[in-house]
>>> print(open('coords-v1.cif').read())   # mmCIF, C-alpha atoms
data_data
#
loop_
_atom_site.label_atom_id
_atom_site.label_comp_id
_atom_site.auth_asym_id
_atom_site.auth_seq_id
_atom_site.Cartn_x
_atom_site.Cartn_y
_atom_site.Cartn_z
CA LEU M 1 0.00 0.00 0.00
CA ASP M 2 1.35 3.36 -1.03
CA SER M 3 1.95 5.55 2.03
CA ALA M 4 1.60 8.87 0.20
CA SER M 5 -2.12 9.47 -0.11
CA ARG M 6 -4.33 12.15 -1.53
CA HIS M 7 -7.45 13.23 0.25
CA TRP M 8 -10.15 15.08 -1.63
CA LEU M 9 -12.71 16.93 0.51
CA VAL M 10 -15.66 17.96 -1.64
CA GLU M 11 -18.78 19.99 -0.91
CA TYR M 12 -21.68 19.72 -3.37
CA HIS M 13 -24.20 22.56 -3.26
CA GLY M 14 -27.47 23.18 -5.10
CA CYS M 15 -28.03 19.47 -5.64
CA ASP M 16 -31.27 17.69 -6.46
CA PRO M 17 -32.84 16.93 -3.04
CA ALA M 18 -34.71 13.87 -4.29
CA ILE M 19 -31.46 12.26 -5.41
CA LEU M 20 -29.71 13.09 -2.14
CA ASN M 21 -32.50 11.47 -0.16
CA ASP M 22 -32.59 8.25 -2.19
CA ARG M 23 -30.31 5.74 -0.49
CA ASP M 24 -30.24 3.32 -3.44
CA ARG M 25 -29.44 6.10 -5.86
CA VAL M 26 -26.68 7.45 -3.62
CA ARG M 27 -25.28 3.93 -3.25
CA LEU M 28 -25.23 3.37 -7.01
CA LEU M 29 -23.54 6.72 -7.56
CA LEU M 30 -20.84 6.10 -4.97
CA ARG M 31 -20.20 2.64 -6.43
CA GLU M 32 -19.99 4.17 -9.87
CA ALA M 33 -17.60 6.79 -8.50
CA ALA M 34 -15.37 4.07 -7.02
CA GLU M 35 -15.33 2.26 -10.34
CA ALA M 36 -14.54 5.41 -12.28
CA ALA M 37 -11.62 6.10 -9.92
CA GLY M 38 -10.24 2.65 -10.57
CA ALA M 39 -10.62 1.65 -6.92
CA THR M 40 -11.00 -1.92 -5.68
CA VAL M 41 -14.10 -2.14 -3.49
CA VAL M 42 -13.78 -4.12 -0.27
CA ALA M 43 -16.96 -3.34 1.66
CA GLU M 44 -19.69 -0.74 1.91
CA VAL M 45 -22.13 0.69 4.44
CA PHE M 46 -25.12 2.86 3.58
CA HIS M 47 -27.38 4.29 6.24
CA PRO M 48 -30.45 6.54 6.02
CA TYR M 49 -30.65 9.43 8.44
CA ALA M 50 -33.86 10.36 10.20
CA PRO M 51 -35.72 12.33 8.97
CA HIS M 52 -33.63 13.06 5.83
CA GLY M 53 -30.37 12.18 4.24
CA VAL M 54 -28.00 9.33 3.61
CA THR M 55 -24.54 8.36 4.84
CA GLY M 56 -22.48 6.05 2.69
CA VAL M 57 -18.96 4.71 2.99
CA ILE M 58 -17.17 2.44 0.56
CA VAL M 59 -13.98 0.89 1.88
CA ILE M 60 -11.53 0.33 -0.95
CA GLU M 61 -8.15 -1.38 -1.06
CA GLU M 62 -6.76 2.12 -1.57
CA SER M 63 -8.49 3.62 1.56
CA HIS M 64 -12.08 4.93 1.43
CA LEU M 65 -14.79 7.01 -0.20
CA SER M 66 -17.62 8.57 1.79
CA VAL M 67 -20.66 10.72 1.34
CA HIS M 68 -23.09 12.45 3.71
CA THR M 69 -26.17 14.12 2.28
CA TRP M 70 -28.47 16.86 3.60
CA PRO M 71 -31.35 16.85 1.07
CA GLU M 72 -33.15 19.63 2.93
CA TYR M 73 -30.27 21.95 1.99
CA GLY M 74 -29.42 20.41 -1.40
CA TYR M 75 -25.99 19.75 0.10
CA ALA M 76 -23.66 16.75 0.23
CA ALA M 77 -20.13 16.30 1.61
CA SER M 78 -17.76 13.71 0.18
CA ASP M 79 -14.30 12.41 0.92
CA PHE M 80 -12.09 10.49 -1.47
CA PHE M 81 -9.10 9.23 0.47
CA THR M 82 -6.94 7.30 -1.96
CA CYS M 83 -3.43 6.08 -2.51
CA GLY M 84 -1.72 4.53 -5.49
CA ASP M 85 -3.05 4.94 -8.99
CA CYS M 86 -6.61 5.88 -8.05
CA ARG M 87 -8.12 8.85 -9.84
CA PRO M 88 -10.31 10.76 -7.35
CA GLU M 89 -11.04 13.44 -9.96
CA LEU M 90 -13.11 10.88 -11.86
CA ALA M 91 -15.02 9.87 -8.72
CA HIS M 92 -15.73 13.55 -8.17
CA GLN M 93 -17.02 13.95 -11.72
CA VAL M 94 -19.50 11.09 -11.23
CA LEU M 95 -20.92 12.55 -8.01
CA SER M 96 -21.02 16.12 -9.24
CA GLN M 97 -23.07 15.12 -12.27
CA GLY M 98 -25.04 12.47 -10.39
CA PHE M 99 -26.16 14.91 -7.69
CA ALA M 100 -26.82 17.64 -10.28
CA ALA M 101 -24.64 19.98 -8.20
CA ARG M 102 -24.76 23.66 -9.17
CA ARG M 103 -21.77 24.67 -7.08
CA VAL M 104 -18.79 22.67 -5.91
CA GLU M 105 -16.06 23.47 -3.42
CA ARG M 106 -13.16 21.08 -3.12
CA MET M 107 -9.88 20.85 -1.29
CA VAL M 108 -7.09 18.38 -1.99
CA VAL M 109 -4.93 17.52 1.01
CA GLY M 110 -1.72 15.51 0.85
CA ARG M 111 -1.46 12.86 3.52
CA GLY M 112 1.00 10.18 4.54
CA LEU M 113 4.75 9.93 4.43
CA ARG M 114 5.94 12.63 2.09
CA GLY M 115 8.91 14.02 3.93
CA ALA M 116 8.97 16.66 6.63
CA GLY M 117 6.16 19.17 6.57
CA ALA M 118 4.59 17.85 3.42
CA SER M 119 1.75 16.00 5.04
CA LEU M 120 -1.62 17.63 5.66
CA SER M 121 -0.67 20.22 3.08
CA VAL M 122 -3.48 21.85 1.13
CA GLN M 123 -2.51 21.24 -2.48
CA GLU M 124 -5.58 22.71 -4.07
CA HIS M 125 -8.67 24.64 -2.96
CA VAL M 126 -11.17 25.41 -5.68
CA ARG M 127 -14.69 26.82 -5.90
CA GLU M 128 -16.60 26.12 -9.10
CA PRO M 129 -18.03 28.23 -10.47
CA SER M 130 -15.77 30.77 -8.84
CA ALA M 131 -17.38 33.77 -7.08
CA ASP M 132 -18.11 36.83 -9.22
CA LEU I 133 -28.77 16.42 11.60
CA ASP I 134 -26.66 19.50 12.09
CA SER I 135 -25.39 20.78 8.73
CA ALA I 136 -22.30 22.55 10.15
CA SER I 137 -19.73 19.83 10.63
CA ARG I 138 -16.18 19.65 11.85
CA HIS I 139 -13.70 17.40 10.17
CA TRP I 140 -10.52 16.40 11.98
CA LEU I 141 -7.73 15.01 9.79
CA VAL I 142 -5.09 13.41 11.99
CA GLU I 143 -1.72 11.81 11.23
CA TYR I 144 -0.17 9.60 13.90
CA HIS I 145 3.58 9.02 13.60
CA GLY I 146 6.03 6.89 15.56
CA CYS I 147 3.29 4.47 16.62
CA ASP I 148 3.66 0.92 17.88
CA PRO I 149 3.67 -1.24 14.70
CA ALA I 150 2.25 -4.29 16.46
CA ILE I 151 -0.82 -2.33 17.54
CA LEU I 152 -1.32 -0.83 14.08
CA ASN I 153 -1.26 -4.30 12.54
CA ASP I 154 -3.75 -5.85 14.96
CA ARG I 155 -7.20 -5.56 13.45
CA ASP I 156 -9.03 -6.43 16.66
CA ARG I 157 -7.00 -3.93 18.64
CA VAL I 158 -7.58 -1.19 16.07
CA ARG I 159 -11.29 -2.00 16.07
CA LEU I 160 -11.53 -1.78 19.86
CA LEU I 161 -9.65 1.52 19.84
CA LEU I 162 -11.84 3.10 17.17
CA ARG I 163 -14.96 1.92 19.03
CA GLU I 164 -13.57 3.38 22.21
CA ALA I 165 -12.81 6.61 20.34
CA ALA I 166 -16.40 6.78 19.07
CA GLU I 167 -17.71 6.26 22.57
CA ALA I 168 -15.38 8.88 24.03
CA ALA I 169 -16.58 11.38 21.41
CA GLY I 170 -20.17 10.73 22.39
CA ALA I 171 -21.04 9.41 18.94
CA THR I 172 -23.87 6.99 18.21
CA VAL I 173 -22.49 4.01 16.28
CA VAL I 174 -24.54 2.81 13.33
CA ALA I 175 -22.26 0.33 11.54
CA GLU I 176 -18.62 -0.56 11.15
CA VAL I 177 -16.25 -2.12 8.65
CA PHE I 178 -12.73 -3.33 9.43
CA HIS I 179 -10.48 -4.76 6.77
CA PRO I 180 -6.90 -6.08 6.90
CA TYR I 181 -4.55 -4.94 4.16
CA ALA I 182 -2.11 -7.31 2.49
CA PRO I 183 0.63 -7.64 3.58
CA HIS I 184 0.30 -5.14 6.46
CA GLY I 185 -2.14 -2.70 7.94
CA VAL I 186 -5.77 -2.19 8.76
CA THR I 187 -8.57 -0.02 7.43
CA GLY I 188 -11.50 0.73 9.69
CA VAL I 189 -14.57 2.87 9.33
CA ILE I 190 -17.29 3.44 11.90
CA VAL I 191 -20.42 5.07 10.57
CA ILE I 192 -22.06 7.17 13.28
CA GLU I 193 -25.33 9.07 13.38
CA GLU I 194 -23.16 12.18 13.35
CA SER I 195 -21.18 11.17 10.17
CA HIS I 196 -18.09 8.89 10.38
CA LEU I 197 -14.75 7.99 11.93
CA SER I 198 -12.04 6.23 9.92
CA VAL I 199 -8.52 4.94 10.33
CA HIS I 200 -5.91 3.56 7.92
CA THR I 201 -2.73 2.11 9.35
CA TRP I 202 0.74 1.50 7.86
CA PRO I 203 2.50 -0.57 10.57
CA GLU I 204 5.68 -0.79 8.47
CA TYR I 205 6.04 2.99 8.91
CA GLY I 206 4.56 3.28 12.40
CA TYR I 207 2.00 5.57 10.78
CA ALA I 208 -1.79 5.87 10.85
CA ALA I 209 -4.21 8.37 9.29
CA SER I 210 -7.58 9.13 10.87
CA ASP I 211 -10.61 11.19 10.09
CA PHE I 212 -13.27 12.28 12.54
CA PHE I 213 -16.11 13.82 10.57
CA THR I 214 -18.73 14.88 13.08
CA CYS I 215 -21.64 17.19 13.54
CA GLY I 216 -23.68 18.15 16.56
CA ASP I 217 -22.35 17.72 20.07
CA CYS I 218 -19.67 15.16 19.27
CA ARG I 219 -16.24 15.78 20.76
CA PRO I 220 -13.64 14.68 18.21
CA GLU I 221 -10.82 15.84 20.49
CA LEU I 222 -11.67 12.99 22.84
CA ALA I 223 -11.67 10.45 20.00
CA HIS I 224 -8.26 11.80 19.03
CA GLN I 225 -6.97 11.38 22.60
CA VAL I 226 -8.00 7.72 22.64
CA LEU I 227 -6.23 6.92 19.37
CA SER I 228 -3.12 8.92 20.12
CA GLN I 229 -2.61 7.07 23.40
CA GLY I 230 -3.84 3.74 22.03
CA PHE I 231 -1.39 3.81 19.09
CA ALA I 232 1.42 5.08 21.36
CA ALA I 233 2.01 7.90 18.84
CA ARG I 234 5.19 9.91 19.34
CA ARG I 235 4.22 12.68 16.94
CA VAL I 236 0.85 13.93 15.82
CA GLU I 237 -0.18 16.29 13.07
CA ARG I 238 -3.78 17.37 12.88
CA MET I 239 -5.91 19.74 10.88
CA VAL I 240 -9.45 20.79 11.68
CA VAL I 241 -11.56 21.74 8.68
CA GLY I 242 -14.99 23.31 8.89
CA ARG I 243 -17.53 21.76 6.57
CA GLY I 244 -21.17 22.23 5.72
CA LEU I 245 -23.43 25.20 5.62
CA ARG I 246 -21.72 27.97 7.53
CA GLY I 247 -22.35 30.97 5.35
CA ALA I 248 -20.41 32.08 2.28
CA GLY I 249 -16.77 31.14 2.20
CA ALA I 250 -16.75 29.51 5.61
CA SER I 251 -16.83 25.93 4.42
CA LEU I 252 -13.63 23.94 3.85
CA SER I 253 -11.84 26.45 6.00
CA VAL I 254 -8.79 25.28 7.92
CA GLN I 255 -9.59 26.22 11.49
CA GLU I 256 -6.56 24.68 13.11
CA HIS I 257 -3.33 23.00 11.97
CA VAL I 258 -1.10 21.69 14.72
CA ARG I 259 2.02 19.54 14.99
CA GLU I 260 2.72 18.01 18.39
CA PRO I 261 5.38 18.12 19.58
CA SER I 262 6.10 21.19 17.47
CA ALA I 263 9.34 21.27 15.44
CA ASP I 264 12.47 22.56 17.20
#
>>> encode(input="coords-v1.cif", output="structure tokens")
Amino acid sequence: LDSASRHWLVEYHGCDPAILNDRDRVRLLLREAAEAAGATVVAEVFHPYAPHGVTGVIVIEESHLSVHTWPEYGYAASDFFTCGDCRPELAHQVLSQGFAARRVERMVVGRGLRGAGASLSVQEHVREPSAD
Amino acid sequence: LDSASRHWLVEYHGCDPAILNDRDRVRLLLREAAEAAGATVVAEVFHPYAPHGVTGVIVIEESHLSVHTWPEYGYAASDFFTCGDCRPELAHQVLSQGFAARRVERMVVGRGLRGAGASLSVQEHVREPSAD
């Protein structure tokens, strides 16, 4: 297992509430995201919140993917924690389109053994579309 | 479910490799961490890596806790993604002591609906002990 990992923290805003509240739909999307990223799925947990929302985690050989949804706000938060050859940007693409997100904010954080001071470094922080 | 969440990203260095490679031990520690934080456990997945290491995720009503361990480097990476009254600092204390970590680096990131520009904000970034 590669000890230099990338961690994408992504906030999806202006999403379709019906999609965010549909556990099966969210599960299919997160699975599709894992596949797009080239991750090897090990296990998954999906849980409905009361009264709204879904939590889903897919454990992959390369770490994990997670999503928490707040349909009442059209908002979802995801994490793609991956090492090796995974492509989190493709997982992100699947969720962004799948949730019909109108705005996205994402941060990429380097983790793991990268030499002194290089861990927990913010490598990218992007809002799309950017503010006027 | 509270839509303003806190996300702790924590790197544990100089840990006891035998502990990091013991799935049952890691599971007990993460459960204990969840309990210390005051989280309500919903489900869990623990998975051994080949040839070394453990991945564990505990889904909680308040989001999730995760850990990935690299015993060969004495290193583990954790995430405490919580909302509401959870106390991630207590979960962190349990793991730091449980892994016998000699150095810790942690970042606290605000997530969720906190008003414009306040999401994905780094609220704290600490190395302990700090560099000489």
>>> residues_around(input="coords-v1.cif", residues="Gln255 of chain I", least_positions_apart="5", cutoff="10 Å", atoms="all atoms listed in the file", output="PyMOL selection string")
chain I and resi 138-140+239-242+250
>>> interface_residues(input="coords-v1.cif", of="chain I", to="chain M", cutoff="7 Å", atoms="all atoms listed in the file", output="number ranges by chain")
I: 187, 195, 200
>>> axis_aligned_box(input="coords-v1.cif", around="segment 99-112 of chain M", padding_each_side="5 Å", output="JSON")
{"center_x": -12.9, "center_y": 17.4, "center_z": -2.9, "size_x": 37.8, "size_y": 24.5, "size_z": 24.8}
>>> closest_residue(input="coords-v1.cif", among="M:Arg102, M:Gly74, M:Pro129, M:Gln93", to="Ala18 of chain M", atoms="only C-alpha atoms")
M:Gly74
>>> atom_distance(input="coords-v1.cif", atom1="atom CA of Leu162 of chain I", atom2="atom CA of Glu256 of chain I")
22.6 Å
>>> atom_distance(input="coords-v1.cif", atom1="atom CA of Pro71 of chain M", atom2="atom CA of Leu20 of chain M")
5.2 Å
>>> atom_distance(input="coords-v1.cif", atom1="atom CA of Ala169 of chain I", atom2="atom CA of Phe212 of chain I")
9.5 Å
>>> closest_residue(input="coords-v1.cif", among="M:Ser78, M:Val94, M:Asn21, M:Gly84", to="Ala33 of chain M", atoms="all atoms listed in the file")
M:Val94
>>> build_atoms(input="coords-v1.cif", residues="segment 66-89 of chain M", atoms="N, CA, C and O atoms", output="short mmCIF file (atom, residue, chain, number, x, y, z; two decimals), keeping the file's coordinate frame")
data_model
loop_
_atom_site.label_atom_id
_atom_site.label_comp_id
_atom_site.auth_asym_id
_atom_site.auth_seq_id
_atom_site.Cartn_x
_atom_site.Cartn_y
_atom_site.Cartn_z
N SER M 66 -16.44 8.40 0.95
CA SER M 66 -17.62 8.57 1.79
C SER M 66 -18.49 9.69 1.27
O SER M 66 -18.03 10.56 0.53
N VAL M 67 -19.75 9.62 1.67
CA VAL M 67 -20.66 10.72 1.34
C VAL M 67 -21.68 10.87 2.47
O VAL M 67 -22.11 9.88 3.06
N HIS M 68 -22.01 12.13 2.78
CA HIS M 68 -23.09 12.45 3.71
C HIS M 68 -23.98 13.46 3.00
O HIS M 68 -23.47 14.44 2.45
N THR M 69 -25.28 13.21 3.00
CA THR M 69 -26.17 14.12 2.28
C THR M 69 -27.17 14.81 3.20
O THR M 69 -27.65 14.20 4.17
N TRP M 70 -27.46 16.06 2.91
CA TRP M 70 -28.47 16.86 3.60
C TRP M 70 -29.46 17.34 2.53
O TRP M 70 -29.32 18.47 2.02
N PRO M 71 -30.43 16.50 2.16
CA PRO M 71 -31.35 16.85 1.07
C PRO M 71 -32.07 18.16 1.32
O PRO M 71 -32.34 18.92 0.38
N GLU M 72 -32.39 18.42 2.59
CA GLU M 72 -33.15 19.63 2.93
C GLU M 72 -32.39 20.91 2.58
O GLU M 72 -32.98 21.97 2.45
N TYR M 73 -31.08 20.79 2.39
CA TYR M 73 -30.27 21.95 1.99
C TYR M 73 -29.68 21.77 0.58
O TYR M 73 -28.87 22.59 0.15
N GLY M 74 -30.01 20.68 -0.09
CA GLY M 74 -29.42 20.41 -1.40
C GLY M 74 -27.91 20.27 -1.33
O GLY M 74 -27.19 20.60 -2.27
N TYR M 75 -27.42 19.77 -0.20
CA TYR M 75 -25.99 19.75 0.10
C TYR M 75 -25.49 18.34 0.41
O TYR M 75 -26.18 17.56 1.07
N ALA M 76 -24.31 18.02 -0.10
CA ALA M 76 -23.66 16.75 0.23
C ALA M 76 -22.17 17.00 0.43
O ALA M 76 -21.57 17.86 -0.20
N ALA M 77 -21.57 16.21 1.34
CA ALA M 77 -20.13 16.30 1.61
C ALA M 77 -19.50 14.95 1.32
O ALA M 77 -19.98 13.92 1.80
N SER M 78 -18.43 14.96 0.50
CA SER M 78 -17.76 13.71 0.18
C SER M 78 -16.29 13.75 0.53
O SER M 78 -15.68 14.83 0.58
N ASP M 79 -15.73 12.58 0.75
CA ASP M 79 -14.30 12.41 0.92
C ASP M 79 -13.82 11.29 0.02
O ASP M 79 -14.44 10.22 -0.01
N PHE M 80 -12.75 11.55 -0.70
CA PHE M 80 -12.09 10.49 -1.47
C PHE M 80 -10.67 10.41 -0.95
O PHE M 80 -9.83 11.27 -1.26
N PHE M 81 -10.42 9.42 -0.14
CA PHE M 81 -9.10 9.23 0.47
C PHE M 81 -8.48 8.06 -0.28
O PHE M 81 -8.94 6.92 -0.15
N THR M 82 -7.47 8.35 -1.09
CA THR M 82 -6.94 7.30 -1.96
C THR M 82 -5.41 7.32 -2.00
O THR M 82 -4.78 8.36 -1.83
N CYS M 83 -4.86 6.16 -2.25
CA CYS M 83 -3.43 6.08 -2.51
C CYS M 83 -3.24 5.33 -3.83
O CYS M 83 -4.19 4.84 -4.42
N GLY M 84 -2.01 5.27 -4.27
CA GLY M 84 -1.72 4.53 -5.49
C GLY M 84 -2.25 5.22 -6.72
O GLY M 84 -2.29 6.46 -6.80
N ASP M 85 -2.70 4.41 -7.67
CA ASP M 85 -3.05 4.94 -8.99
C ASP M 85 -4.50 5.40 -9.09
O ASP M 85 -4.98 5.68 -10.19
N CYS M 86 -5.20 5.46 -7.99
CA CYS M 86 -6.61 5.88 -8.05
C CYS M 86 -6.73 7.28 -8.64
O CYS M 86 -5.83 8.10 -8.52
N ARG M 87 -7.89 7.53 -9.24
CA ARG M 87 -8.12 8.85 -9.84
C ARG M 87 -9.36 9.50 -9.21
O ARG M 87 -10.45 9.43 -9.77
N PRO M 88 -9.17 10.16 -8.07
CA PRO M 88 -10.31 10.76 -7.35
C PRO M 88 -11.05 11.79 -8.18
O PRO M 88 -12.26 12.00 -7.98
N GLU M 89 -10.36 12.42 -9.14
CA GLU M 89 -11.04 13.44 -9.96
C GLU M 89 -12.17 12.82 -10.78
O GLU M 89 -13.16 13.49 -11.08
#
